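Peer 1: Take a look at the following structure, please.
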Amino acid sequence: MSFYEEYKKFSSDGFLSFFNELEDKDIRCVLSKSRLSNLDYLALLSPRAEKYLEEMAQKAHRLTLQHFGRTIQLFTPLYLSNYCVNSCVYCGFQVHNKLVRKKLSPDEVNAEAQIIAGTGLKHILILTGESRKHSPVTYIKDCTSVLKKYFTSIAIEVYPLSEQEYADLVRIGVDSLTMYQEAYNEQVYLAMHPAGPKRDYQFRLDAPERACRAGIRSVNLGALLGLHDWRTEAFFTGLHADYLQNNYPDVEVSISPPRMRPHLGGFTPPVAVSDKNLVQYILAFRLFMPRGGITVSTRENPQLREDLIKLGVTKMSAGSCTAVGGRTEPAESTGQFDISDERDVAAMTGVIYSHGYQPVFKDWQTI
Amino acid sequence: MYDTLVIGGQEVASRLFLGTGKFASNSMIPELVNVSGARVVTVAIRRVDPDYPEENVANYIPAGCIQMPNTSGARNAREAVRIAKLGRAAGCGNWVKIEVIADNRYLLPDNYETIKATEELAADGFVVLPYISPDLMAARKLEEVGAAAVMPLGAPIGTNRGLKTKELIKILIEEISLPVIVDAGIGRPSQAAEAMEMGAAAVLVNTAIATAKDPLAMARAFGQAVEAGRTAFLANPGEVFEYARASSPLTGFLRNE
Ligand code: SF4
C-alpha cells in the first residue's frame, strides 16, 4: 500500500477547473455536512470559499472544543545535530552552507534535557539533519535513552527510516513521528531537492506509513508552505492524513502548516502564503478531520499564534531553539531558521490561560 | 427512603460523575465539583504528572471525592492494563475506568479488548468500570469477569448528541445487575435527567460542561437534573397513555348491563 497511488489520482490541471466550477451554493452545501469527502475538503480550500471564512471558523471552533476541549498541548524541539548530506534549496543546514556543524554528545543532550525539563514540559521533539554517518539510528537511540529520564513522550523529526528502524525506535520509547513531505507536488519536490538521499520522493512519502506499521502512536505530517501552490499542498497533506487515519485507525494523526522562514542562505520562497491563506487551510482541515491534531510552531508570530488558538490548533511549540546545543551555549551554532515567537514556556502558559485555554504539558506517557 | 449508589463496596453520594479532560483550567475543578455535587471525578492517567504539581490534574480533586483514573490513550487490553497499573503506582487509587479505543475517527470503544482488560484488572484487585458500546452480550461478559459497573455510551464522545443509544441502554438496565452509568454523549441536563428516569445508576459528563459558555452554571444544572431524574425514577412515573381519557366514555351505555 502507498499513499502514492492516491496522490497519482489527481492531476494538477484538474484543480484549476475544479476551483473554477465551484459556486457559492457548493460551499454552503459542504458547510452543512458533518462528514466531508476529499472533494468537499478541496472546495473549502478554494478561492471561492474565502468569503466563508467566518462560517468555517465558527464551525471549526465548535468542533475543536467538542473533541479537544479548551486545551493546547505544549512541546519543544531539541536539535541534536545539524550535519546534513542533502541540499534542500530552502534550508540553512544544507550540505553546501558554511556553518558550524555540531552534534550533541549524550552529556550535552542530558544538559539540554535538564534545562527543558525544568520548564515542566514532558513532550519533546528531537531533530537531526540527514546524515547516517554523523547521526545514525544508533545515535538517535542513545539520545532517546537519555531523554526518557526526563520526558514522557518523545517524537522524532529525522530522515526517513525503514520499517524495522522505526520499530526499533518505538521499542525503546519513541512514540511520535513528524515527517514533512515538504512538497507533495513531485516536480516541485525534485526541484527543491536537487541532490542527496532526500531526492527519493516516494521513500519519504511512505515513511509515515512505515512508522504506522511499526507501531508508532502518532504521526504529524506537513507541506512546507511557500514552495508551491498552497491550496493543492494543503489538499494533499489533508488527504495523506485522512489516508493514514483510514488505514491505521489507532494512530493519532495530525498536521502542521509550517510557513517558510528566513535562514542562512537567503532562499526566497516562490509562493507567498498570507495569514488569511494559513487560516483557511487550518479551518478547512479542521472541518475535514474534526479529530485531527493541528500543530502551530514558533515559526509564526506571537499575535497570530494567539489568534489561531480558537480556530482549531491543538498543539504548539514553546521555548523553541533551532540551533544545536543552543540552550546551553546560545552563541555556538546557527539555527535552521529564525523563530518568530521567542516566548518561553512560562510566558506561553500565561498566554494560553489568558485566552481561556489550558496548556497541557503532559498528554501521553510511553508505556 | 434511603437511596444509595454502591460501587465496589463504596457508597457514592452523587450520581453525577465529572470528567476533567477538557476544562480551560484544572483550577476550575474544585468549584465545578462543589456546585455540581459530583463525588466521582475522572482523570486521564496520561495527563497525571506527579513531577509538576501546578499542572497535575490529580492535585485539583477535592478531598472527599473518589478519583477515577481512566486509561485513555490505550489501544488494546495490554496497554490499558499497563496504564491502569501505572496509575495505581502513581497514587491514583484502585478505581479505574477502562477506555480502550483503537479508532481515532469516532473514538468508539473496543468491547472485546475492554473485556480482556477488565478481567485482568478485576482479578488484580481494581474496581473496574469499563466504557463500552452498549451491547448486552459484552455487558454480561463484563459482569461475569468482575466489572464493578458498566459504562455504555449515549452517543460518541464529545458530540453532545444525547441518548442516541437509548433502546440499547434500556436493555442493559433491565438485564444487568451491575450499575449502568451512561458515559459519553450527554449534552444537556434534560438528557441526563432522562437517563436517570430510565433507571441509569449515574451519568458521566465532561464535554457538555466544559464547552458551555458558563461551565459553573451548567455543572449546577447537571447536578440538579441528575437528582430530579433519579427522584422521578424512584417515584415510578405513571403510565403513558396513547389516547386521551374521555370524560364521557363511548362505551358508557354498557355500564348497566
Ligand atoms: S531540510 Fe533537512 S534534509 Fe534538507 S538540508 Fe535541511 S536539514 Fe538537511
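If you're wondering about the labels, chains in the C-alpha cells are A, B, ... by order shown, residues count from 1 in each chain, ligands from 1 in order shown.
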Could you tell me which residues of chain A sit within 8 Å of chain B when counting only C-alpha atoms, and give me the result as a list in words?
Peer 2: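 Close to chain B, chain A has Leu65, Gln66, His67, Phe68, Gly69, Arg70, Thr71, Gly120, Gln245, Pro249, Asp250, Val251, Glu252, Arg291, Tyr353, Gly356, Tyr357, Gln358, Val360, Phe361, Lys362, Asp363, Trp364, Gln365 and Ile367 of chain A.
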Peer 1: Please extract the residues at most 12 Å from ligand 1, counting only C-alpha atoms and all ligand atoms, and provide them as an MDAnalysis selection string, using the chain letters and residue numbers of this document.
Peer 2: chainID A and resid 79:97 101 127:132 135 157:160 179:183 189 192:200 204 223:224 260 263:265 322:324 335:337
Peer 1: Just list as a ChimeraX atom specification whatever in segment 34-234 of chain B DSSP marks as helix (DSSP H, G or I).
Peer 2: /B:34-36,45-47,53-55,57-60,77-89,111-123,136-145,166-175,189-198,207-210,215-234
Peer 1: Please provide as a list in words all residues within 8 Å of Ile339 of chain A, with the sequence filter that same-chain residues fewer than 3 positions apart are discarded (counting only C-alpha atoms).
Peer 2: Arg261, Thr298, Arg299, Glu300, Ser320, Cys321, Thr322 and Glu342 of chain A
Peer 1: Keeping C-alpha atoms, export the residues of the selection given above as a compact mmCIF listing (two decimals), in the first residue's frame.
Peer 2:
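Result file follows (result32.txt):
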# COMPACT_ATOMS: atom_id res chain seq x y z
CA ARG A 261 11.12 31.39 7.47
CA THR A 298 7.12 29.21 16.78
CA ARG A 299 7.77 29.99 13.11
CA GLU A 300 4.59 32.03 13.34
CA SER A 320 11.95 26.85 20.86
CA CYS A 321 15.55 26.96 19.79
CA THR A 322 16.58 25.74 16.33
CA GLU A 342 10.54 33.72 21.28
Peer 1: Using only C-alpha atoms, which residues sit within 12 Å of Gln303 of chain A once same-chain residues fewer than 3 positions away are excluded, as a list in words?
Peer 2: Asp275, Thr298, Arg299, Glu300, Glu306, Asp307, Leu308, Ile309, Ser340, Asp341, Glu342, Arg343, Met348, Val351, Ile352 and His355 of chain A
